[in-house]
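Peer 1: What follows is upload_15.pdb, PDB, C-alpha atoms.
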```pdb
ATOM      1  CA  MET A   1       4.328 -98.407 160.873  1.00  0.00           C
ATOM      2  CA  PRO A   2       2.425-101.111 162.786  1.00  0.00           C
ATOM      3  CA  GLU A   3       3.281-101.124 166.485  1.00  0.00           C
ATOM      4  CA  ILE A   4       4.354-104.774 166.493  1.00  0.00           C
ATOM      5  CA  TYR A   5       6.870-104.081 163.698  1.00  0.00           C
ATOM      6  CA  GLU A   6       8.383-101.036 165.404  1.00  0.00           C
ATOM      7  CA  LYS A   7       8.587-102.960 168.664  1.00  0.00           C
ATOM      8  CA  ILE A   8      11.146-105.286 167.035  1.00  0.00           C
ATOM      9  CA  PHE A   9      13.618-102.410 166.653  1.00  0.00           C
ATOM     10  CA  VAL A  10      13.007-101.097 170.148  1.00  0.00           C
ATOM     11  CA  ASN A  11      13.627-104.552 171.596  1.00  0.00           C
ATOM     12  CA  ASN A  12      16.724-104.941 169.439  1.00  0.00           C
ATOM     13  CA  LYS A  13      18.251-101.713 170.731  1.00  0.00           C
ATOM     14  CA  ASN A  14      17.511-102.727 174.302  1.00  0.00           C
ATOM     15  CA  TRP A  15      19.072-106.152 173.723  1.00  0.00           C
ATOM     16  CA  VAL A  16      22.222-104.635 172.189  1.00  0.00           C
ATOM     17  CA  GLN A  17      22.623-102.239 175.098  1.00  0.00           C
ATOM     18  CA  GLU A  18      22.111-105.050 177.608  1.00  0.00           C
ATOM     19  CA  LYS A  19      24.877-107.097 175.980  1.00  0.00           C
ATOM     20  CA  LEU A  20      27.246-104.130 175.786  1.00  0.00           C
ATOM     21  CA  ASP A  21      26.642-103.254 179.430  1.00  0.00           C
ATOM     22  CA  LYS A  22      27.832-106.738 180.378  1.00  0.00           C
ATOM     23  CA  ASP A  23      30.674-106.895 177.862  1.00  0.00           C
ATOM     24  CA  PRO A  24      31.672-103.901 175.672  1.00  0.00           C
ATOM     25  CA  GLU A  25      33.526-106.325 173.333  1.00  0.00           C
ATOM     26  CA  TYR A  26      30.589-108.745 172.990  1.00  0.00           C
ATOM     27  CA  PHE A  27      29.704-108.088 169.348  1.00  0.00           C
ATOM     28  CA  LYS A  28      33.318-107.629 168.283  1.00  0.00           C
ATOM     29  CA  LYS A  29      34.120-111.107 169.619  1.00  0.00           C
ATOM     30  CA  LEU A  30      30.953-112.561 168.080  1.00  0.00           C
ATOM     31  CA  SER A  31      31.894-111.179 164.670  1.00  0.00           C
ATOM     32  CA  LEU A  32      35.153-113.157 164.626  1.00  0.00           C
ATOM     33  CA  GLY A  33      33.336-116.383 163.718  1.00  0.00           C
ATOM     34  CA  GLN A  34      31.381-119.295 165.098  1.00  0.00           C
ATOM     35  CA  LYS A  35      32.277-122.737 166.379  1.00  0.00           C
ATOM     36  CA  PRO A  36      29.072-124.152 167.871  1.00  0.00           C
ATOM     37  CA  PRO A  37      29.249-127.735 169.179  1.00  0.00           C
ATOM     38  CA  ILE A  38      25.568-128.402 168.457  1.00  0.00           C
ATOM     39  CA  LEU A  39      23.304-128.498 165.404  1.00  0.00           C
ATOM     40  CA  TRP A  40      19.647-128.124 166.360  1.00  0.00           C
ATOM     41  CA  ILE A  41      16.945-129.337 163.977  1.00  0.00           C
ATOM     42  CA  GLY A  42      13.693-128.057 165.395  1.00  0.00           C
ATOM     43  CA  CYS A  43      10.140-127.128 164.538  1.00  0.00           C
ATOM     44  CA  SER A  44       9.262-123.744 163.054  1.00  0.00           C
ATOM     45  CA  ASP A  45       6.682-123.226 165.806  1.00  0.00           C
ATOM     46  CA  SER A  46       7.178-119.771 167.309  1.00  0.00           C
ATOM     47  CA  ARG A  47       6.862-121.173 170.833  1.00  0.00           C
ATOM     48  CA  VAL A  48      10.027-123.286 170.533  1.00  0.00           C
ATOM     49  CA  PRO A  49      13.045-120.941 170.121  1.00  0.00           C
ATOM     50  CA  ALA A  50      16.193-123.048 170.430  1.00  0.00           C
ATOM     51  CA  ASN A  51      18.452-120.552 172.222  1.00  0.00           C
ATOM     52  CA  GLU A  52      15.829-119.439 174.703  1.00  0.00           C
ATOM     53  CA  ILE A  53      14.618-122.856 175.869  1.00  0.00           C
ATOM     54  CA  THR A  54      18.184-124.162 176.196  1.00  0.00           C
ATOM     55  CA  GLY A  55      19.582-121.061 177.860  1.00  0.00           C
ATOM     56  CA  THR A  56      22.351-120.799 175.271  1.00  0.00           C
ATOM     57  CA  GLN A  57      23.926-117.709 173.773  1.00  0.00           C
ATOM     58  CA  PRO A  58      24.385-116.662 170.120  1.00  0.00           C
ATOM     59  CA  GLY A  59      27.219-118.734 168.672  1.00  0.00           C
ATOM     60  CA  GLU A  60      26.530-121.827 170.779  1.00  0.00           C
ATOM     61  CA  ILE A  61      23.896-123.587 168.630  1.00  0.00           C
ATOM     62  CA  PHE A  62      23.628-123.838 164.841  1.00  0.00           C
ATOM     63  CA  VAL A  63      19.913-123.961 164.012  1.00  0.00           C
ATOM     64  CA  HIS A  64      17.700-125.342 161.266  1.00  0.00           C
ATOM     65  CA  ARG A  65      13.917-125.262 161.634  1.00  0.00           C
ATOM     66  CA  ASN A  66      11.051-126.541 159.526  1.00  0.00           C
ATOM     67  CA  ILE A  67       7.489-127.770 159.971  1.00  0.00           C
ATOM     68  CA  ALA A  68       7.515-130.664 162.480  1.00  0.00           C
ATOM     69  CA  ASN A  69      11.348-130.880 162.684  1.00  0.00           C
ATOM     70  CA  MET A  70      11.709-133.199 159.707  1.00  0.00           C
ATOM     71  CA  VAL A  71      14.846-134.809 158.240  1.00  0.00           C
ATOM     72  CA  ILE A  72      13.852-135.470 154.640  1.00  0.00           C
ATOM     73  CA  HIS A  73      16.431-136.951 152.279  1.00  0.00           C
ATOM     74  CA  THR A  74      15.394-134.673 149.382  1.00  0.00           C
ATOM     75  CA  ASP A  75      15.336-131.437 151.401  1.00  0.00           C
ATOM     76  CA  MET A  76      18.341-129.523 150.062  1.00  0.00           C
ATOM     77  CA  SER A  77      17.961-126.791 152.649  1.00  0.00           C
ATOM     78  CA  MET A  78      18.250-129.226 155.554  1.00  0.00           C
ATOM     79  CA  LEU A  79      21.014-131.214 153.850  1.00  0.00           C
ATOM     80  CA  SER A  80      23.020-128.045 153.163  1.00  0.00           C
ATOM     81  CA  VAL A  81      22.768-127.035 156.812  1.00  0.00           C
ATOM     82  CA  LEU A  82      23.730-130.555 157.892  1.00  0.00           C
ATOM     83  CA  ASP A  83      26.713-130.680 155.545  1.00  0.00           C
ATOM     84  CA  TYR A  84      28.000-127.303 156.708  1.00  0.00           C
ATOM     85  CA  ALA A  85      27.505-128.185 160.370  1.00  0.00           C
ATOM     86  CA  VAL A  86      29.274-131.541 160.079  1.00  0.00           C
ATOM     87  CA  ASN A  87      32.045-130.785 157.602  1.00  0.00           C
ATOM     88  CA  VAL A  88      32.851-127.139 158.304  1.00  0.00           C
ATOM     89  CA  LEU A  89      31.727-126.375 161.838  1.00  0.00           C
ATOM     90  CA  LYS A  90      32.577-129.909 163.027  1.00  0.00           C
ATOM     91  CA  VAL A  91      29.663-130.113 165.456  1.00  0.00           C
ATOM     92  CA  ARG A  92      29.755-132.962 167.973  1.00  0.00           C
ATOM     93  CA  HIS A  93      26.034-133.212 168.685  1.00  0.00           C
ATOM     94  CA  ILE A  94      22.991-133.045 166.414  1.00  0.00           C
ATOM     95  CA  ILE A  95      19.664-132.649 168.168  1.00  0.00           C
ATOM     96  CA  VAL A  96      16.252-133.251 166.647  1.00  0.00           C
ATOM     97  CA  CYS A  97      13.780-131.481 168.911  1.00  0.00           C
ATOM     98  CA  GLY A  98      10.026-131.733 168.505  1.00  0.00           C
ATOM     99  CA  HIS A  99       7.281-130.578 170.826  1.00  0.00           C
ATOM    100  CA  TYR A 100       4.002-131.829 172.183  1.00  0.00           C
ATOM    101  CA  GLY A 101       0.966-130.295 170.499  1.00  0.00           C
ATOM    102  CA  CYS A 102       2.827-129.958 167.185  1.00  0.00           C
ATOM    103  CA  GLY A 103       0.350-128.767 164.556  1.00  0.00           C
ATOM    104  CA  GLY A 104       2.157-130.586 161.767  1.00  0.00           C
ATOM    105  CA  VAL A 105       1.971-133.927 163.549  1.00  0.00           C
ATOM    106  CA  LEU A 106      -1.669-133.390 164.527  1.00  0.00           C
ATOM    107  CA  ALA A 107      -2.587-132.566 160.918  1.00  0.00           C
ATOM    108  CA  ALA A 108      -0.730-135.639 159.661  1.00  0.00           C
ATOM    109  CA  MET A 109      -2.852-137.854 161.910  1.00  0.00           C
ATOM    110  CA  THR A 110      -5.972-136.984 159.887  1.00  0.00           C
ATOM    111  CA  ASN A 111      -6.978-137.343 156.248  1.00  0.00           C
ATOM    112  CA  LYS A 112      -8.079-133.729 155.907  1.00  0.00           C
ATOM    113  CA  GLU A 113      -6.669-131.767 152.982  1.00  0.00           C
ATOM    114  CA  VAL A 114      -4.782-128.698 154.157  1.00  0.00           C
ATOM    115  CA  GLY A 115      -2.983-127.461 151.038  1.00  0.00           C
ATOM    116  CA  LEU A 116       0.567-127.485 149.742  1.00  0.00           C
ATOM    117  CA  ILE A 117       1.794-128.638 153.126  1.00  0.00           C
ATOM    118  CA  ASP A 118       0.028-131.978 152.580  1.00  0.00           C
ATOM    119  CA  ASN A 119       3.070-133.042 150.538  1.00  0.00           C
ATOM    120  CA  TRP A 120       5.312-132.327 153.519  1.00  0.00           C
ATOM    121  CA  LEU A 121       2.982-133.956 156.029  1.00  0.00           C
ATOM    122  CA  ARG A 122       3.007-137.177 154.022  1.00  0.00           C
ATOM    123  CA  HIS A 123       6.421-137.924 155.483  1.00  0.00           C
ATOM    124  CA  ILE A 124       4.895-137.803 158.965  1.00  0.00           C
ATOM    125  CA  LYS A 125       2.088-140.072 157.800  1.00  0.00           C
ATOM    126  CA  ASP A 126       4.818-142.582 156.898  1.00  0.00           C
ATOM    127  CA  VAL A 127       5.856-142.525 160.550  1.00  0.00           C
ATOM    128  CA  TYR A 128       2.273-143.454 161.455  1.00  0.00           C
ATOM    129  CA  ARG A 129       2.360-146.316 158.940  1.00  0.00           C
ATOM    130  CA  ILE A 130       5.554-147.704 160.475  1.00  0.00           C
ATOM    131  CA  HIS A 131       4.159-147.526 164.025  1.00  0.00           C
ATOM    132  CA  LYS A 132       0.476-148.036 163.216  1.00  0.00           C
ATOM    133  CA  ASP A 133      -0.137-150.883 165.675  1.00  0.00           C
ATOM    134  CA  GLU A 134       1.280-148.960 168.623  1.00  0.00           C
ATOM    135  CA  ILE A 135      -0.473-145.702 167.777  1.00  0.00           C
ATOM    136  CA  ASP A 136      -3.852-147.328 167.135  1.00  0.00           C
ATOM    137  CA  SER A 137      -3.672-149.184 170.454  1.00  0.00           C
ATOM    138  CA  ILE A 138      -3.683-145.870 172.383  1.00  0.00           C
ATOM    139  CA  LYS A 139      -7.241-144.774 173.165  1.00  0.00           C
ATOM    140  CA  ASP A 140      -6.641-141.395 174.791  1.00  0.00           C
ATOM    141  CA  GLU A 141      -6.349-138.813 172.009  1.00  0.00           C
ATOM    142  CA  GLU A 142      -3.851-136.543 173.758  1.00  0.00           C
ATOM    143  CA  GLU A 143      -1.660-139.471 174.736  1.00  0.00           C
ATOM    144  CA  LYS A 144      -1.854-140.768 171.170  1.00  0.00           C
ATOM    145  CA  ALA A 145      -0.797-137.400 169.747  1.00  0.00           C
ATOM    146  CA  ASN A 146       2.073-137.098 172.225  1.00  0.00           C
ATOM    147  CA  ARG A 147       3.345-140.560 171.372  1.00  0.00           C
ATOM    148  CA  MET A 148       3.148-139.751 167.683  1.00  0.00           C
ATOM    149  CA  VAL A 149       5.293-136.668 168.314  1.00  0.00           C
ATOM    150  CA  GLU A 150       7.878-138.829 170.086  1.00  0.00           C
ATOM    151  CA  LEU A 151       7.925-141.486 167.387  1.00  0.00           C
ATOM    152  CA  ASN A 152       8.312-138.816 164.704  1.00  0.00           C
ATOM    153  CA  ILE A 153      11.390-137.487 166.501  1.00  0.00           C
ATOM    154  CA  GLN A 154      12.773-141.005 166.815  1.00  0.00           C
ATOM    155  CA  GLU A 155      12.391-141.609 163.091  1.00  0.00           C
ATOM    156  CA  GLN A 156      14.042-138.294 162.212  1.00  0.00           C
ATOM    157  CA  VAL A 157      17.064-139.221 164.343  1.00  0.00           C
ATOM    158  CA  LEU A 158      17.335-142.482 162.406  1.00  0.00           C
ATOM    159  CA  ASP A 159      16.941-140.602 159.126  1.00  0.00           C
ATOM    160  CA  LEU A 160      19.905-138.442 160.120  1.00  0.00           C
ATOM    161  CA  ALA A 161      21.963-141.592 160.633  1.00  0.00           C
ATOM    162  CA  LYS A 162      20.999-142.755 157.141  1.00  0.00           C
ATOM    163  CA  THR A 163      22.457-139.675 155.426  1.00  0.00           C
ATOM    164  CA  SER A 164      25.754-139.968 153.564  1.00  0.00           C
ATOM    165  CA  ILE A 165      26.892-136.810 155.359  1.00  0.00           C
ATOM    166  CA  VAL A 166      26.713-138.342 158.825  1.00  0.00           C
ATOM    167  CA  GLN A 167      27.907-141.795 157.747  1.00  0.00           C
ATOM    168  CA  ASN A 168      30.959-140.406 155.963  1.00  0.00           C
ATOM    169  CA  ALA A 169      31.817-138.395 159.052  1.00  0.00           C
ATOM    170  CA  TRP A 170      31.629-141.548 161.173  1.00  0.00           C
ATOM    171  CA  LYS A 171      33.840-143.376 158.673  1.00  0.00           C
ATOM    172  CA  SER A 172      36.461-140.657 159.049  1.00  0.00           C
ATOM    173  CA  LYS A 173      36.368-141.166 162.845  1.00  0.00           C
ATOM    174  CA  GLN A 174      34.533-137.915 163.475  1.00  0.00           C
ATOM    175  CA  LYS A 175      32.604-138.219 166.724  1.00  0.00           C
ATOM    176  CA  ILE A 176      28.988-137.197 166.167  1.00  0.00           C
ATOM    177  CA  TYR A 177      26.119-138.014 168.482  1.00  0.00           C
ATOM    178  CA  LEU A 178      22.504-137.835 167.286  1.00  0.00           C
ATOM    179  CA  HIS A 179      19.876-137.084 169.918  1.00  0.00           C
ATOM    180  CA  GLY A 180      16.090-136.880 170.065  1.00  0.00           C
ATOM    181  CA  LEU A 181      14.431-134.415 172.461  1.00  0.00           C
ATOM    182  CA  VAL A 182      10.854-133.335 172.989  1.00  0.00           C
ATOM    183  CA  TYR A 183       9.793-129.974 174.419  1.00  0.00           C
ATOM    184  CA  ASP A 184       6.674-129.623 176.541  1.00  0.00           C
ATOM    185  CA  VAL A 185       5.136-126.258 175.711  1.00  0.00           C
ATOM    186  CA  GLY A 186       2.865-126.663 178.741  1.00  0.00           C
ATOM    187  CA  ASN A 187       5.661-126.625 181.325  1.00  0.00           C
ATOM    188  CA  GLY A 188       8.801-125.505 179.475  1.00  0.00           C
ATOM    189  CA  TYR A 189      10.854-128.631 180.085  1.00  0.00           C
ATOM    190  CA  LEU A 190      12.924-130.632 177.606  1.00  0.00           C
ATOM    191  CA  LYS A 191      12.800-134.421 177.724  1.00  0.00           C
ATOM    192  CA  ASP A 192      15.519-136.724 176.430  1.00  0.00           C
ATOM    193  CA  LEU A 193      13.853-139.573 174.526  1.00  0.00           C
ATOM    194  CA  ASN A 194      16.969-141.756 174.956  1.00  0.00           C
ATOM    195  CA  VAL A 195      17.256-142.538 171.257  1.00  0.00           C
ATOM    196  CA  THR A 196      20.856-141.361 170.900  1.00  0.00           C
ATOM    197  CA  VAL A 197      22.751-142.803 167.917  1.00  0.00           C
ATOM    198  CA  GLU A 198      26.548-142.595 167.658  1.00  0.00           C
ATOM    199  CA  ASP A 199      27.320-144.952 164.774  1.00  0.00           C
ATOM    200  CA  GLU A 200      25.684-146.896 161.946  1.00  0.00           C
ATOM    201  CA  HIS A 201      25.596-150.291 163.667  1.00  0.00           C
ATOM    202  CA  ASN A 202      21.880-150.190 164.490  1.00  0.00           C
ATOM    203  CA  LEU A 203      20.861-149.375 160.927  1.00  0.00           C
ATOM    204  CA  ASP A 204      19.440-152.021 158.617  1.00  0.00           C
ATOM    205  CA  TYR A 205      21.920-153.322 156.044  1.00  0.00           C
ATOM    206  CA  VAL A 206      20.465-151.403 153.084  1.00  0.00           C
ATOM    207  CA  TYR A 207      21.002-148.066 154.846  1.00  0.00           C
ATOM    208  CA  LYS A 208      24.681-148.640 155.620  1.00  0.00           C
ATOM    209  CA  LEU A 209      26.649-146.983 152.855  1.00  0.00           C
ATOM    210  CA  SER A 210      29.793-148.767 151.721  1.00  0.00           C
ATOM    211  CA  SER A 211      32.232-147.658 149.015  1.00  0.00           C
ATOM    212  CA  LYS A 212      30.720-146.032 145.926  1.00  0.00           C
ATOM    213  CA  THR A 213      29.392-148.358 143.272  1.00  0.00           C
ATOM    214  CA  ILE A 214      29.172-147.504 139.571  1.00  0.00           C
ATOM    215  CA  PHE A 215      26.000-148.925 138.022  1.00  0.00           C
TER
END
```
What would you get if you wrote out this structure as C-alpha cells?
Peer 2:
Amino acid sequence: MPEIYEKIFVNNKNWVQEKLDKDPEYFKKLSLGQKPPILWIGCSDSRVPANEITGTQPGEIFVHRNIANMVIHTDMSMLSVLDYAVNVLKVRHIIVCGHYGCGGVLAAMTNKEVGLIDNWLRHIKDVYRIHKDEIDSIKDEEEKANRMVELNIQEQVLDLAKTSIVQNAWKSKQKIYLHGLVYDVGNGYLKDLNVTVEDEHNLDYVYKLSSKTIF
C-alpha cells in the first residue's frame, strides 16, 4: 500500500486514542446525534478545512463544500444540505466562506477553456459581469483577484437569501443569519466581510417569495 494511504489509518488511530484519553465516553456521546448551530458552505480546497480553521469539534459545524463555495439554485446537493440544516438541524447561522487565491475564482477571471468545470465557473463569471466596473477599475492583479473572491462570497450570501428554503424559514419566524467570511491562506486568519443577512428585506422584489401561485 502507498505510504500516504497507510498514514491515514495511523493518524486515525492516534486521533481516536487522543480523544479517548481526554474523554473515554467521547465517541459514545458523539454517536447519540448532532445538533450543530452552524452550516458552513466552503470551498473544496484542501487548505481550508472548516473544523480546523475555526477550532471547532466534530458535531459543532455541518459542512458542505464545492469548488469556489458556490450557492447555485440548481445544485441539488447543496440544496439538500441546506434543507436538512435549516429544517431538521435548525441551524441558526449559515456561513459562506471563501479564500484568497481561490483557483476557481482565478480561472473564472480568464477566458481559457479548462474542461467540464467551465460550466460551473460560468456562475462566477456572472459575478464578474455584475461587478465589472469595480473589478476592471483595480489595476493590481492580486488586489483584483482578492476583491473578486470577496464579491463572489457576497453574491453567494445573497443567493442563499433568495432560496425558498431560507425564506420559508424566515416566514415561520425561524432565526437564521447568513454570513460571508474570507480565509487568508497566507496568514490563517478569517475575515468577516460584514455582509450578514437576517431577513428578505434587502432583496429585490422579484426574489421575495410570496404565497404559491398556480400558473
Peer 1: If you apply the PyMOL selection byres ((chain A and resi 188-204) around 7) to this file, what residues do you get, as a list in words?
Peer 2: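 The output of the PyMOL selection byres ((chain A and resi 188-204) around 7) on this file is Gln154, Ala161, Gln167, Trp170, Ile176, Tyr177, Leu178, His179, Gly180, Leu181, Val182, Tyr183, Asp184, Val185, Gly186, Asn187, Tyr205, Val206, Tyr207 and Lys208 of chain A.
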Peer 1: At what distance in Å, to one decimal, does atom CA of A:Met78 lie from atom CA of A:Met109?
Peer 2: 23.7 Å
Peer 1: Identify which of the residues A:Arg92, A:Lys132, A:Thr54, A:Ala169 lies closest to A:Leu151, counting only C-alpha atoms when measuring atom-to-atom distances.
Peer 2: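 Closest residue, counting only C-alpha atoms: A:Lys132.
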Peer 1: Taking the file above as input, evaluate the PyMOL selection byres ((chain A and resi 140-148) around 12) and report the hits as number ranges by chain.
Peer 2: A: 68, 98-110, 124-139, 149-155, 182-185, 193
Peer 1: Could you state which residues are captured by the PyMOL selection byres ((chain A and resi 82) around 10) in this file, as a ChimeraX atom specification?
Peer 2: /A:39-41,62-64,71,76-81,83-89,91,94,160,163,165-166
Peer 1: With C-alpha atoms retained, could you export that selection as a JSON list (two decimals), in the frame of the given file?
Peer 2:
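Dumped everything to part-v1.json:
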```
[["chain", "number", "residue", "atom", "x", "y", "z"],
["A", 39, "LEU", "CA", 23.30, -128.50, 165.40],
["A", 40, "TRP", "CA", 19.65, -128.12, 166.36],
["A", 41, "ILE", "CA", 16.94, -129.34, 163.98],
["A", 62, "PHE", "CA", 23.63, -123.84, 164.84],
["A", 63, "VAL", "CA", 19.91, -123.96, 164.01],
["A", 64, "HIS", "CA", 17.70, -125.34, 161.27],
["A", 71, "VAL", "CA", 14.85, -134.81, 158.24],
["A", 76, "MET", "CA", 18.34, -129.52, 150.06],
["A", 77, "SER", "CA", 17.96, -126.79, 152.65],
["A", 78, "MET", "CA", 18.25, -129.23, 155.55],
["A", 79, "LEU", "CA", 21.01, -131.21, 153.85],
["A", 80, "SER", "CA", 23.02, -128.04, 153.16],
["A", 81, "VAL", "CA", 22.77, -127.04, 156.81],
["A", 83, "ASP", "CA", 26.71, -130.68, 155.54],
["A", 84, "TYR", "CA", 28.00, -127.30, 156.71],
["A", 85, "ALA", "CA", 27.50, -128.18, 160.37],
["A", 86, "VAL", "CA", 29.27, -131.54, 160.08],
["A", 87, "ASN", "CA", 32.04, -130.78, 157.60],
["A", 88, "VAL", "CA", 32.85, -127.14, 158.30],
["A", 89, "LEU", "CA", 31.73, -126.38, 161.84],
["A", 91, "VAL", "CA", 29.66, -130.11, 165.46],
["A", 94, "ILE", "CA", 22.99, -133.04, 166.41],
["A", 160, "LEU", "CA", 19.90, -138.44, 160.12],
["A", 163, "THR", "CA", 22.46, -139.68, 155.43],
["A", 165, "ILE", "CA", 26.89, -136.81, 155.36],
["A", 166, "VAL", "CA", 26.71, -138.34, 158.82]]
```
Peer 1: Which is closer to A:Pro37 than all the others in A:Asn119, A:Asn111, A:Ile95, A:Asn11, using all atoms listed in the file?
Peer 2: A:Ile95
